[in-house]
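With CSV, C-alpha atoms inside, this is protein-v9.csv:
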```csv
chain,number,residue,atom,x,y,z
A,1,MET,CA,-10.0,-9.0,10.7
A,2,PHE,CA,-8.9,-5.4,11.3
A,3,ASP,CA,-5.7,-6.8,12.7
A,4,GLY,CA,-6.5,-7.1,16.4
A,5,ASP,CA,-3.5,-9.4,16.6
A,6,ARG,CA,-1.0,-6.7,15.6
A,7,PRO,CA,-2.1,-3.4,17.1
A,8,ALA,CA,1.4,-2.3,18.0
A,9,LYS,CA,2.3,-2.0,14.4
A,10,TRP,CA,-0.5,0.1,13.3
A,11,GLY,CA,0.6,3.0,11.1
A,12,TYR,CA,4.2,2.7,12.0
A,13,ASN,CA,7.2,1.3,10.3
A,14,LEU,CA,7.6,-2.0,11.9
A,15,VAL,CA,10.9,-1.8,13.8
A,16,MET,CA,13.5,-4.1,12.4
A,17,LYS,CA,16.6,-5.1,14.3
A,18,PHE,CA,18.0,-7.8,12.1
A,19,CYS,CA,18.2,-8.5,8.4
A,20,SER,CA,15.6,-11.1,7.3
A,21,THR,CA,17.9,-12.2,4.5
A,22,CYS,CA,21.2,-12.7,6.3
A,23,GLY,CA,20.4,-12.3,10.0
A,24,GLU,CA,22.9,-9.5,10.6
A,25,PRO,CA,21.9,-6.2,12.3
A,26,VAL,CA,20.2,-3.5,10.2
A,27,GLU,CA,20.5,0.2,10.3
A,28,LEU,CA,17.8,2.9,9.7
A,29,LYS,CA,19.2,5.2,7.0
A,30,VAL,CA,18.6,6.8,3.7
A,31,PRO,CA,19.9,4.4,1.0
A,32,THR,CA,22.0,5.9,-1.9
A,33,GLY,CA,19.7,7.4,-4.5
A,34,ASP,CA,16.7,7.4,-2.2
A,35,ASN,CA,15.2,10.2,0.0
A,36,ARG,CA,13.5,8.2,2.8
A,37,GLU,CA,14.8,6.3,5.7
A,38,ARG,CA,14.7,2.5,5.3
A,39,PHE,CA,16.1,-0.4,7.3
A,40,VAL,CA,19.2,-1.3,5.4
A,41,CYS,CA,21.6,-4.3,6.0
A,42,ASN,CA,25.2,-3.2,6.0
A,43,SER,CA,26.3,-6.8,5.7
A,44,CYS,CA,24.3,-8.0,2.6
A,45,ALA,CA,23.1,-4.6,1.4
A,46,THR,CA,19.4,-5.6,1.3
A,47,ILE,CA,17.0,-2.6,1.6
A,48,HIS,CA,13.9,-3.5,3.5
A,49,TYR,CA,10.9,-1.5,2.1
A,50,GLN,CA,7.8,-1.0,4.1
A,51,ASN,CA,4.5,0.2,2.5
A,52,PRO,CA,0.9,0.9,3.4
A,53,ARG,CA,-1.6,-1.9,3.7
A,54,ILE,CA,-5.0,-2.3,2.2
A,55,ILE,CA,-8.0,-3.1,4.3
A,56,THR,CA,-10.9,-4.4,2.2
A,57,GLY,CA,-14.5,-5.0,3.2
A,58,CYS,CA,-18.2,-5.1,2.3
A,59,LEU,CA,-21.3,-3.1,3.0
A,60,PRO,CA,-23.7,-6.0,2.7
A,61,VAL,CA,-27.2,-5.0,1.8
A,62,TRP,CA,-30.5,-6.8,2.4
A,63,ASN,CA,-33.5,-4.8,1.2
A,64,ASP,CA,-33.4,-1.5,3.3
A,65,GLN,CA,-30.9,-3.0,5.8
A,66,VAL,CA,-27.2,-3.3,6.1
A,67,LEU,CA,-25.2,-6.1,7.8
A,68,MET,CA,-22.9,-5.1,10.6
A,69,CYS,CA,-20.6,-6.9,13.1
A,70,LYS,CA,-20.0,-6.1,16.8
A,71,ARG,CA,-16.2,-6.4,17.3
A,72,ALA,CA,-15.0,-9.2,19.6
A,73,ILE,CA,-11.4,-8.0,19.3
A,74,ASP,CA,-9.3,-5.0,20.0
A,75,PRO,CA,-9.1,-2.2,18.9
A,76,ARG,CA,-12.6,-1.0,19.5
A,77,ARG,CA,-13.9,-4.2,21.0
A,78,GLY,CA,-17.7,-3.9,21.5
A,79,TYR,CA,-18.2,-1.3,18.7
A,80,TRP,CA,-20.0,-1.9,15.4
A,81,THR,CA,-18.2,-2.3,12.2
A,82,LEU,CA,-18.6,-3.5,8.6
A,83,PRO,CA,-16.9,-6.8,7.9
A,84,ALA,CA,-13.3,-5.9,6.7
A,85,GLY,CA,-9.7,-6.9,7.0
A,86,PHE,CA,-6.3,-6.9,5.5
A,87,LEU,CA,-6.0,-7.9,1.9
A,88,GLU,CA,-3.8,-11.0,1.5
A,89,ASN,CA,-1.1,-11.6,-1.1
A,90,GLY,CA,-2.4,-13.3,-4.2
A,91,GLU,CA,-5.9,-12.1,-3.5
A,92,SER,CA,-8.0,-9.6,-5.5
A,93,ILE,CA,-9.5,-6.7,-3.5
A,94,ALA,CA,-13.1,-7.9,-4.1
A,95,THR,CA,-12.2,-11.5,-3.2
A,96,GLY,CA,-10.7,-10.3,0.0
A,97,ALA,CA,-13.8,-8.3,0.9
A,98,ALA,CA,-16.0,-11.3,0.4
A,99,ARG,CA,-13.6,-13.5,2.4
A,100,GLU,CA,-13.7,-11.1,5.3
A,101,THR,CA,-17.5,-11.0,5.2
A,102,GLU,CA,-17.6,-14.8,5.3
A,103,GLU,CA,-15.0,-14.9,8.2
A,104,GLU,CA,-16.6,-12.2,10.4
A,105,ALA,CA,-20.3,-12.7,9.7
A,106,ASN,CA,-20.5,-16.2,8.2
A,107,ALA,CA,-22.3,-14.5,5.3
A,108,ARG,CA,-22.1,-14.8,1.6
A,109,VAL,CA,-22.3,-11.8,-0.8
A,110,TYR,CA,-22.5,-11.2,-4.5
A,111,GLU,CA,-22.5,-8.4,-7.0
A,112,LEU,CA,-19.7,-6.6,-5.3
A,113,GLU,CA,-19.2,-3.0,-6.5
A,114,LEU,CA,-16.4,-0.8,-5.3
A,115,TYR,CA,-18.0,2.1,-3.3
A,116,THR,CA,-15.6,3.9,-0.9
A,117,VAL,CA,-11.9,4.4,-0.9
A,118,PHE,CA,-10.2,6.0,2.1
A,119,SER,CA,-6.6,7.0,2.4
A,120,LEU,CA,-5.4,7.1,6.0
A,121,PRO,CA,-1.8,8.3,5.9
A,122,HIS,CA,-1.5,8.7,9.6
A,123,ILE,CA,-1.7,5.0,10.0
A,124,SER,CA,-0.4,4.0,6.5
A,125,GLN,CA,-3.6,2.3,5.5
A,126,ALA,CA,-6.0,2.4,2.6
A,127,TYR,CA,-9.6,1.2,3.2
A,128,MET,CA,-11.8,0.0,0.3
A,129,PHE,CA,-15.4,-1.0,0.8
A,130,PHE,CA,-17.7,-2.7,-1.7
A,131,ARG,CA,-21.4,-2.5,-1.8
A,132,ALA,CA,-22.6,-6.1,-2.0
A,133,MET,CA,-25.8,-8.1,-2.0
A,134,LEU,CA,-26.4,-10.5,0.9
A,135,GLU,CA,-27.2,-13.9,-0.5
A,136,ASP,CA,-29.5,-15.0,2.3
A,137,LEU,CA,-30.2,-14.5,6.0
A,138,ASP,CA,-28.0,-17.4,7.0
A,139,PHE,CA,-25.4,-15.4,8.9
A,140,SER,CA,-23.9,-15.5,12.4
A,141,ALA,CA,-21.1,-14.1,14.4
A,142,GLY,CA,-17.7,-15.3,13.2
A,143,PHE,CA,-14.7,-15.7,15.5
A,144,GLU,CA,-13.9,-12.0,15.6
A,145,SER,CA,-17.5,-10.8,16.1
A,146,LEU,CA,-19.7,-10.8,19.3
A,147,GLU,CA,-22.9,-10.3,17.3
A,148,VAL,CA,-24.0,-9.8,13.7
A,149,ARG,CA,-27.2,-8.2,12.7
A,150,LEU,CA,-29.1,-6.2,10.1
A,151,PHE,CA,-29.8,-2.5,10.6
A,152,THR,CA,-32.1,0.0,8.9
A,153,GLU,CA,-30.8,3.5,8.6
A,154,HIS,CA,-32.6,4.6,11.8
A,155,GLU,CA,-31.4,1.5,13.7
A,156,VAL,CA,-27.7,2.0,12.9
A,157,PRO,CA,-25.8,2.6,16.3
A,158,TRP,CA,-24.3,5.8,15.0
A,159,ASP,CA,-22.6,6.6,18.4
A,160,ASP,CA,-21.1,3.2,18.7
A,161,LEU,CA,-19.4,2.7,15.4
A,162,ALA,CA,-15.8,1.4,15.4
A,163,PHE,CA,-14.0,3.7,13.0
A,164,PRO,CA,-14.6,6.9,11.0
A,165,VAL,CA,-14.4,5.0,7.7
A,166,ILE,CA,-17.4,3.0,8.8
A,167,LYS,CA,-19.5,6.0,9.7
A,168,GLN,CA,-18.5,7.8,6.5
A,169,SER,CA,-19.3,4.7,4.3
A,170,LEU,CA,-22.7,4.3,5.9
A,171,GLU,CA,-23.5,8.0,5.6
A,172,PHE,CA,-22.6,7.9,1.9
A,173,TYR,CA,-24.7,4.8,1.4
A,174,PHE,CA,-27.9,6.0,3.0
A,175,GLU,CA,-27.6,9.3,1.2
A,176,ASP,CA,-26.9,7.8,-2.2
A,177,ARG,CA,-29.8,5.3,-1.7
A,178,LYS,CA,-32.2,8.2,-2.0
A,179,ASN,CA,-31.1,8.7,-5.6
A,180,GLY,CA,-30.4,5.1,-6.4
A,181,SER,CA,-26.9,6.1,-7.7
A,182,PHE,CA,-23.7,5.0,-6.0
A,183,PRO,CA,-20.6,6.8,-7.4
A,184,VAL,CA,-17.3,5.7,-6.0
A,185,ARG,CA,-16.4,7.9,-3.1
A,186,SER,CA,-12.8,8.7,-2.5
A,187,ARG,CA,-11.7,10.5,0.7
A,188,GLU,CA,-8.6,11.2,2.7
A,189,ILE,CA,-8.9,10.9,6.5
A,190,ASP,CA,-5.9,12.2,8.5
A,191,LEU,CA,-6.7,11.9,12.1
A,192,LYS,CA,-3.2,11.9,13.6
A,193,ARG,CA,-4.2,9.0,15.8
A,194,LYS,CA,-7.4,10.8,17.0
A,195,ARG,CA,-10.8,9.1,16.7
B,1,MET,CA,9.2,4.5,-9.5
B,2,PHE,CA,7.6,1.2,-10.5
B,3,ASP,CA,10.3,-0.5,-8.3
B,4,GLY,CA,13.0,-1.1,-10.8
B,5,ASP,CA,15.2,-1.6,-7.9
B,6,ARG,CA,13.4,-4.6,-6.5
B,7,PRO,CA,12.1,-6.7,-9.4
B,8,ALA,CA,12.9,-10.0,-7.7
B,9,LYS,CA,10.2,-9.4,-5.1
B,10,TRP,CA,7.3,-8.6,-7.5
B,11,GLY,CA,4.2,-10.5,-6.6
B,12,TYR,CA,5.8,-13.0,-4.3
B,13,ASN,CA,6.1,-13.3,-0.6
B,14,LEU,CA,9.6,-12.0,0.0
B,15,VAL,CA,11.6,-14.9,1.2
B,16,MET,CA,12.6,-14.5,4.8
B,17,LYS,CA,15.3,-16.5,6.4
B,18,PHE,CA,15.8,-14.8,9.7
B,19,CYS,CA,13.5,-13.0,12.2
B,20,SER,CA,13.8,-9.3,11.9
B,21,THR,CA,13.0,-8.9,15.6
B,22,CYS,CA,15.4,-11.4,17.2
B,23,GLY,CA,17.7,-12.6,14.4
B,24,GLU,CA,16.9,-16.3,14.8
B,25,PRO,CA,15.8,-18.5,11.8
B,26,VAL,CA,12.2,-18.3,10.8
B,27,GLU,CA,9.9,-21.1,9.5
B,28,LEU,CA,7.2,-20.9,6.9
B,29,LYS,CA,4.1,-22.3,8.5
B,30,VAL,CA,0.4,-21.7,9.3
B,31,PRO,CA,0.2,-19.9,12.7
B,32,THR,CA,-2.3,-21.2,15.3
B,33,GLY,CA,-5.7,-19.7,14.5
B,34,ASP,CA,-4.7,-18.7,11.0
B,35,ASN,CA,-5.2,-20.4,7.7
B,36,ARG,CA,-2.3,-19.1,5.6
B,37,GLU,CA,1.4,-19.7,5.6
B,38,ARG,CA,3.4,-17.0,7.2
B,39,PHE,CA,7.0,-16.7,8.2
B,40,VAL,CA,7.0,-17.4,11.9
B,41,CYS,CA,9.9,-17.1,14.4
B,42,ASN,CA,10.0,-20.2,16.6
B,43,SER,CA,12.3,-18.3,19.0
B,44,CYS,CA,10.4,-15.1,19.8
B,45,ALA,CA,7.0,-16.1,18.2
B,46,THR,CA,6.8,-13.1,15.9
B,47,ILE,CA,4.5,-13.6,12.9
B,48,HIS,CA,5.8,-11.8,9.9
B,49,TYR,CA,2.8,-10.7,7.7
B,50,GLN,CA,3.2,-9.8,4.1
B,51,ASN,CA,0.6,-7.9,2.2
B,52,PRO,CA,-0.1,-6.4,-1.3
B,53,ARG,CA,1.4,-3.1,-2.2
B,54,ILE,CA,-0.3,0.0,-3.7
B,55,ILE,CA,1.0,1.7,-6.8
B,56,THR,CA,-0.3,5.1,-7.2
B,57,GLY,CA,0.0,7.4,-10.2
B,58,CYS,CA,-1.5,10.2,-12.4
B,59,LEU,CA,-3.0,10.6,-15.8
B,60,PRO,CA,-1.9,14.2,-16.3
B,61,VAL,CA,-4.0,16.1,-18.8
B,62,TRP,CA,-3.2,19.2,-20.9
B,63,ASN,CA,-6.1,20.2,-23.2
B,64,ASP,CA,-6.6,17.1,-25.4
B,65,GLN,CA,-3.2,15.6,-24.5
B,66,VAL,CA,-2.0,13.3,-21.8
B,67,LEU,CA,1.5,13.3,-20.3
B,68,MET,CA,3.5,10.0,-20.5
B,69,CYS,CA,7.0,8.8,-19.6
B,70,LYS,CA,9.3,6.5,-21.4
B,71,ARG,CA,10.8,4.1,-18.9
B,72,ALA,CA,14.5,4.3,-18.2
B,73,ILE,CA,14.5,1.3,-15.8
B,74,ASP,CA,13.5,-2.3,-15.9
B,75,PRO,CA,11.0,-3.8,-16.1
B,76,ARG,CA,9.8,-2.6,-19.5
B,77,ARG,CA,12.6,-0.2,-20.1
B,78,GLY,CA,11.9,1.8,-23.3
B,79,TYR,CA,8.2,1.4,-23.1
B,80,TRP,CA,5.7,4.2,-22.3
B,81,THR,CA,3.9,4.6,-19.0
B,82,LEU,CA,2.0,7.0,-16.8
B,83,PRO,CA,4.0,8.4,-13.9
B,84,ALA,CA,3.3,6.0,-11.0
B,85,GLY,CA,5.1,4.2,-8.2
B,86,PHE,CA,4.8,2.6,-4.7
B,87,LEU,CA,2.8,4.5,-2.1
B,88,GLU,CA,5.0,5.3,0.9
B,89,ASN,CA,4.1,4.9,4.6
B,90,GLY,CA,2.6,8.1,6.0
B,91,GLU,CA,1.5,9.3,2.6
B,92,SER,CA,-2.0,9.8,1.2
B,93,ILE,CA,-2.7,8.0,-2.1
B,94,ALA,CA,-3.2,11.3,-4.0
B,95,THR,CA,-0.1,12.8,-2.5
B,96,GLY,CA,1.9,9.7,-3.6
B,97,ALA,CA,0.5,10.1,-7.1
B,98,ALA,CA,1.6,13.7,-7.3
B,99,ARG,CA,5.0,12.9,-5.9
B,100,GLU,CA,5.6,10.2,-8.5
B,101,THR,CA,4.6,12.7,-11.2
B,102,GLU,CA,7.0,15.2,-9.9
B,103,GLU,CA,9.8,12.6,-9.6
B,104,GLU,CA,9.4,10.9,-13.0
B,105,ALA,CA,8.3,13.8,-15.2
B,106,ASN,CA,9.4,16.9,-13.2
B,107,ALA,CA,5.7,17.9,-13.5
B,108,ARG,CA,3.2,19.5,-11.1
B,109,VAL,CA,-0.4,18.5,-11.1
B,110,TYR,CA,-3.6,19.7,-9.4
B,111,GLU,CA,-7.3,18.7,-9.1
B,112,LEU,CA,-6.5,15.0,-8.7
B,113,GLU,CA,-9.6,12.8,-9.0
B,114,LEU,CA,-9.4,9.1,-8.4
B,115,TYR,CA,-10.1,7.4,-11.8
B,116,THR,CA,-9.0,3.8,-12.1
B,117,VAL,CA,-8.5,1.1,-9.5
B,118,PHE,CA,-6.9,-2.2,-10.6
B,119,SER,CA,-6.5,-5.3,-8.6
B,120,LEU,CA,-3.6,-7.5,-9.7
B,121,PRO,CA,-3.7,-10.6,-7.5
B,122,HIS,CA,-1.0,-12.5,-9.5
B,123,ILE,CA,1.6,-9.9,-8.4
B,124,SER,CA,-0.1,-8.8,-5.2
B,125,GLN,CA,-0.5,-5.2,-6.3
B,126,ALA,CA,-3.2,-2.7,-6.5
B,127,TYR,CA,-2.9,0.2,-9.0
B,128,MET,CA,-4.7,3.5,-8.5
B,129,PHE,CA,-4.6,6.3,-11.1
B,130,PHE,CA,-5.9,9.8,-10.6
B,131,ARG,CA,-6.9,12.1,-13.4
B,132,ALA,CA,-5.0,15.3,-12.9
B,133,MET,CA,-4.6,18.7,-14.5
B,134,LEU,CA,-1.0,19.6,-15.6
B,135,GLU,CA,0.0,22.9,-14.1
B,136,ASP,CA,2.2,24.1,-16.9
B,137,LEU,CA,4.4,22.8,-19.7
B,138,ASP,CA,7.5,23.0,-17.6
B,139,PHE,CA,8.2,19.2,-17.5
B,140,SER,CA,11.2,17.0,-18.3
B,141,ALA,CA,12.5,13.5,-17.9
B,142,GLY,CA,13.1,12.5,-14.3
B,143,PHE,CA,15.8,10.1,-13.2
B,144,GLU,CA,13.7,7.0,-14.1
B,145,SER,CA,12.5,8.3,-17.5
B,146,LEU,CA,14.2,8.5,-20.8
B,147,GLU,CA,11.7,11.0,-22.3
B,148,VAL,CA,8.5,12.7,-21.2
B,149,ARG,CA,6.0,14.1,-23.7
B,150,LEU,CA,2.4,14.9,-24.4
B,151,PHE,CA,0.2,12.7,-26.6
B,152,THR,CA,-3.1,13.2,-28.2
B,153,GLU,CA,-5.3,10.1,-28.5
B,154,HIS,CA,-4.0,9.3,-32.0
B,155,GLU,CA,-0.4,9.9,-31.0
B,156,VAL,CA,-0.4,7.5,-28.1
B,157,PRO,CA,2.1,4.6,-28.7
B,158,TRP,CA,-0.5,2.0,-28.2
B,159,ASP,CA,1.8,-0.9,-29.1
B,160,ASP,CA,4.6,0.3,-26.9
B,161,LEU,CA,2.8,0.7,-23.5
B,162,ALA,CA,4.6,-0.7,-20.5
B,163,PHE,CA,1.7,-2.4,-18.7
B,164,PRO,CA,-1.9,-3.5,-19.2
B,165,VAL,CA,-3.1,-1.0,-16.5
B,166,ILE,CA,-1.7,1.8,-18.6
B,167,LYS,CA,-3.4,0.8,-21.7
B,168,GLN,CA,-6.7,0.2,-19.9
B,169,SER,CA,-6.6,3.6,-18.1
B,170,LEU,CA,-5.9,5.4,-21.3
B,171,GLU,CA,-8.7,3.6,-23.2
B,172,PHE,CA,-11.1,4.5,-20.4
B,173,TYR,CA,-10.0,8.1,-20.5
B,174,PHE,CA,-10.3,8.7,-24.2
B,175,GLU,CA,-13.7,6.9,-24.2
B,176,ASP,CA,-15.0,8.9,-21.2
B,177,ARG,CA,-13.8,12.2,-22.6
B,178,LYS,CA,-16.4,11.9,-25.3
B,179,ASN,CA,-19.1,12.2,-22.7
B,180,GLY,CA,-17.2,14.5,-20.3
B,181,SER,CA,-18.0,12.1,-17.5
B,182,PHE,CA,-15.4,10.1,-15.7
B,183,PRO,CA,-16.8,7.5,-13.2
B,184,VAL,CA,-14.2,5.6,-11.2
B,185,ARG,CA,-13.4,2.4,-13.0
B,186,SER,CA,-12.5,-0.7,-11.0
B,187,ARG,CA,-11.1,-3.8,-12.6
B,188,GLU,CA,-9.4,-7.0,-11.8
B,189,ILE,CA,-6.5,-8.0,-14.0
B,190,ASP,CA,-5.1,-11.5,-13.4
B,191,LEU,CA,-2.5,-12.3,-16.0
B,192,LYS,CA,-0.6,-15.0,-14.2
B,193,ARG,CA,2.6,-13.2,-15.1
B,194,LYS,CA,1.7,-12.9,-18.8
B,195,ARG,CA,1.7,-9.5,-20.5
```
Would it be possible to restate this file's structure as structure tokens?
Amino acid sequence: MFDGDRPAKWGYNLVMKFCSTCGEPVELKVPTGDNRERFVCNSCATIHYQNPRIITGCLPVWNDQVLMCKRAIDPRRGYWTLPAGFLENGESIATGAARETEEEANARVYELELYTVFSLPHISQAYMFFRAMLEDLDFSAGFESLEVRLFTEHEVPWDDLAFPVIKQSLEFYFEDRKNGSFPVRSREIDLKRKR
Amino acid sequence: MFDGDRPAKWGYNLVMKFCSTCGEPVELKVPTGDNRERFVCNSCATIHYQNPRIITGCLPVWNDQVLMCKRAIDPRRGYWTLPAGFLENGESIATGAARETEEEANARVYELELYTVFSLPHISQAYMFFRAMLEDLDFSAGFESLEVRLFTEHEVPWDDLAFPVIKQSLEFYFEDRKNGSFPVRSREIDLKRKR
């Protein structure tokens, strides 16, 4: 999932009112020896750090086609995406990418190779996509997808893609396919909330 | 910083006792429609997600030497490391790497190129190092370093490196230098808390 269930938190420090350790009110301030505002508990002194999240996904390949999902959830419901979602604690980045592919497209992949890395500071996210081989054609829409299907380059719904990182990853892929060489692509996308 | 100020949280879900939104007690349970345990507030229904963190850093290069820092903080105080630390909200991954290099080594870098990506599921961290050019020799130990210096390949204190990701990044670098080609290296390291 892309976190349709927590859109309000996207890219922002999640507002804290109470200390999760002792239950007393917290205050937003710069802790001693630090240079950034954090939520700090004046009662038990706990500093509550908040950091960017990783979204991991796959670019599943079948011959000259790629597998995509039509989003069933906000944001960008009805737009096409690659299967991806938040990396979970205790999970490797590649394992998370395969899990999201299974969850959103009921599809199994192998030979995952890191391919694109995007830094999105405006929403405090990092996206990482793996090229992956689709195991078979036994796929279907998962809970968060309206539809799942394969696209050749010319069939890709370029005007109906969910996010810039999806468009960019697909563009890199179809370009690199011409040479048969897929170096890891690292980019910063800073849209200041614009799509 | 490598987070010397919050070692107790490394790799674990941070234990929550109270809801940071409403201050009532939380419970660890699998929310409806989910398949993982989260801290959930039974009073206001907030689900408190916790996700892996990104540690970003540089491999600063000066001719045939690399810049390293001797750690002044736990864990691994007294061992050698590359300048790196937690990516902050609102910050690009490369910007974070340069900031940490400035903080730990009082050094400025340019031409940052993503080089190594490590997934460390056992501690819920992802490490990302950038090759970078050192701007000048005006560097010195920052607050979290005991000493900062340049090392040629043969001078590197291989037995006194702070973390496996440091050793691996340096090994990749000196090997790739022979060919003058530095493809992004992506690895999973799962040590189950062993070093």
| field | Residues within 6 Å of A:Phe18, all atoms listed in the file, excluding chain neighbours under 3 positions, as a list of chain:residue names | value | A:Gly23, A:Glu24, A:Pro25, A:Val26, B:Ser20, B:Gly23
Counting only C-alpha atoms, which residues of chain B fall within 9 Å of chain A, and what is the closest atom pair for each with its distance in Å at one decimal, ordered by chain and rising number, as CSV?
```
residue,atom,partner,partner_atom,distance
B:Gly11,CA,A:Gly90,CA,7.6
B:Tyr12,CA,A:Asn89,CA,7.7
B:Asn13,CA,A:Asn89,CA,7.4
B:Val15,CA,A:Thr21,CA,7.6
B:Met16,CA,A:Ser20,CA,5.2
B:Lys17,CA,A:Thr21,CA,5.4
B:Phe18,CA,A:Ser20,CA,4.4
B:Cys19,CA,A:Ser20,CA,5.7
B:Ser20,CA,A:Phe18,CA,4.5
B:Thr21,CA,A:Lys17,CA,5.4
B:Cys22,CA,A:Phe18,CA,6.8
B:Gly23,CA,A:Gly23,CA,5.2
B:Glu24,CA,A:Gly23,CA,7.2
B:Pro25,CA,A:Gly23,CA,7.9
B:Val26,CA,A:Ser20,CA,8.7
B:Gln50,CA,A:Asn89,CA,7.0
B:Asn51,CA,A:Asn89,CA,5.2
B:Pro52,CA,A:Asn89,CA,5.3
B:Arg53,CA,A:Asn51,CA,6.5
B:Ile54,CA,A:Pro52,CA,7.3
B:Phe86,CA,A:Asn51,CA,7.6
B:Leu87,CA,A:Asn51,CA,6.5
B:Glu88,CA,A:Asn51,CA,5.4
B:Asn89,CA,A:Ser124,CA,5.0
B:Gly90,CA,A:Pro121,CA,4.4
B:Glu91,CA,A:Pro121,CA,4.8
B:Ser92,CA,A:Pro121,CA,4.9
B:Ile93,CA,A:Ser119,CA,6.0
B:Ala94,CA,A:Ser119,CA,8.4
B:Glu113,CA,A:Ser186,CA,8.3
B:Leu114,CA,A:Ser186,CA,6.8
B:Phe118,CA,A:Ile93,CA,8.8
B:Ser119,CA,A:Ser92,CA,5.5
B:Leu120,CA,A:Ser92,CA,6.4
B:Pro121,CA,A:Gly90,CA,4.5
B:His122,CA,A:Gly90,CA,5.5
B:Ile123,CA,A:Gly90,CA,6.7
B:Ser124,CA,A:Asn89,CA,5.1
B:Gln125,CA,A:Asn89,CA,8.3
B:Ala126,CA,A:Ile93,CA,8.0
B:Pro183,CA,A:Pro183,CA,7.0
B:Val184,CA,A:Val184,CA,6.1
B:Arg185,CA,A:Val184,CA,8.7
B:Ser186,CA,A:Leu114,CA,6.9
B:Glu188,CA,A:Ser92,CA,7.0
B:Ile189,CA,A:Ser92,CA,8.8
B:Asp190,CA,A:Ser92,CA,8.6
```
| task | Select, counting all atoms listed in the file, all protein, DNA and RNA residues no farther than 9 Å from (4.0, 8.6, -6.3) in file coordinates, and express the selection as a PyMOL selection string. | result | chain B and resi 1+55-58+83-88+93-104
Keeping only C-alpha atoms, write the selected residues to a file as a PDB file, in the frame of the given file.
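Output below, filename selection.pdb:
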```
ATOM      1  CA  MET B   1       9.200   4.500  -9.500  1.00  0.00           C
ATOM      2  CA  ILE B  55       1.000   1.700  -6.800  1.00  0.00           C
ATOM      3  CA  THR B  56      -0.300   5.100  -7.200  1.00  0.00           C
ATOM      4  CA  GLY B  57       0.000   7.400 -10.200  1.00  0.00           C
ATOM      5  CA  CYS B  58      -1.500  10.200 -12.400  1.00  0.00           C
ATOM      6  CA  PRO B  83       4.000   8.400 -13.900  1.00  0.00           C
ATOM      7  CA  ALA B  84       3.300   6.000 -11.000  1.00  0.00           C
ATOM      8  CA  GLY B  85       5.100   4.200  -8.200  1.00  0.00           C
ATOM      9  CA  PHE B  86       4.800   2.600  -4.700  1.00  0.00           C
ATOM     10  CA  LEU B  87       2.800   4.500  -2.100  1.00  0.00           C
ATOM     11  CA  GLU B  88       5.000   5.300   0.900  1.00  0.00           C
ATOM     12  CA  ILE B  93      -2.700   8.000  -2.100  1.00  0.00           C
ATOM     13  CA  ALA B  94      -3.200  11.300  -4.000  1.00  0.00           C
ATOM     14  CA  THR B  95      -0.100  12.800  -2.500  1.00  0.00           C
ATOM     15  CA  GLY B  96       1.900   9.700  -3.600  1.00  0.00           C
ATOM     16  CA  ALA B  97       0.500  10.100  -7.100  1.00  0.00           C
ATOM     17  CA  ALA B  98       1.600  13.700  -7.300  1.00  0.00           C
ATOM     18  CA  ARG B  99       5.000  12.900  -5.900  1.00  0.00           C
ATOM     19  CA  GLU B 100       5.600  10.200  -8.500  1.00  0.00           C
ATOM     20  CA  THR B 101       4.600  12.700 -11.200  1.00  0.00           C
ATOM     21  CA  GLU B 102       7.000  15.200  -9.900  1.00  0.00           C
ATOM     22  CA  GLU B 103       9.800  12.600  -9.600  1.00  0.00           C
ATOM     23  CA  GLU B 104       9.400  10.900 -13.000  1.00  0.00           C
TER      24      GLU B 104
END
```
| field | Exercise: A:Leu112 partners within 8 Å, only C-alpha atoms, chain neighbours under 3 positions left out, as a ChimeraX atom specification | value | /A:58,94,109,130-133
Let's have the selection written as a PDB file, in the frame of the given file, with C-alpha atoms.
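Saved file out06.pdb follows:
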```
ATOM      1  CA  CYS A  58     -18.200  -5.100   2.300  1.00  0.00           C
ATOM      2  CA  ALA A  94     -13.100  -7.900  -4.100  1.00  0.00           C
ATOM      3  CA  VAL A 109     -22.300 -11.800  -0.800  1.00  0.00           C
ATOM      4  CA  PHE A 130     -17.700  -2.700  -1.700  1.00  0.00           C
ATOM      5  CA  ARG A 131     -21.400  -2.500  -1.800  1.00  0.00           C
ATOM      6  CA  ALA A 132     -22.600  -6.100  -2.000  1.00  0.00           C
ATOM      7  CA  MET A 133     -25.800  -8.100  -2.000  1.00  0.00           C
TER       8      MET A 133
END
```
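Picture a line from atom CA of A:Met128 to atom CA of B:Cys69; it runs 28.8 Å.
Atom CA of B:Ala107 to atom CA of B:Leu59 spans 11.6 Å [interatomic distance, one decimal].
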| task | Write out as a ChimeraX atom specification the residues lying within 7 Å of A:Leu150, counting only C-alpha atoms and excluding same-chain residues fewer than 3 positions away. | result | /A:65-68
| Separation of atom CA of B:Ile73 and atom CA of B:Arg108, in Å? | 21.9 Å
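Using all atoms listed in the file, the nearest neighbour of B:Glu155 within the list B:Arg38, B:Cys44, B:Asp64, B:Arg71 is B:Asp64.
Candidate residues B:Leu191, B:Leu82, B:Ala105, B:Cys41 were compared for distance to B:Glu147, and the nearest is B:Ala105, using only C-alpha atoms.
Of the residues under consideration (A:Ser43, A:Asn106, A:Asn63, A:Thr116), A:Asn106 shows the shortest atom-to-atom contact distance to A:Val148 when counting only C-alpha atoms.
Using all atoms listed in the file, the shortest contact distance between A:Phe182 and any of A:Asp159, A:Val30, A:Arg77, A:Leu170 is found at A:Leu170.
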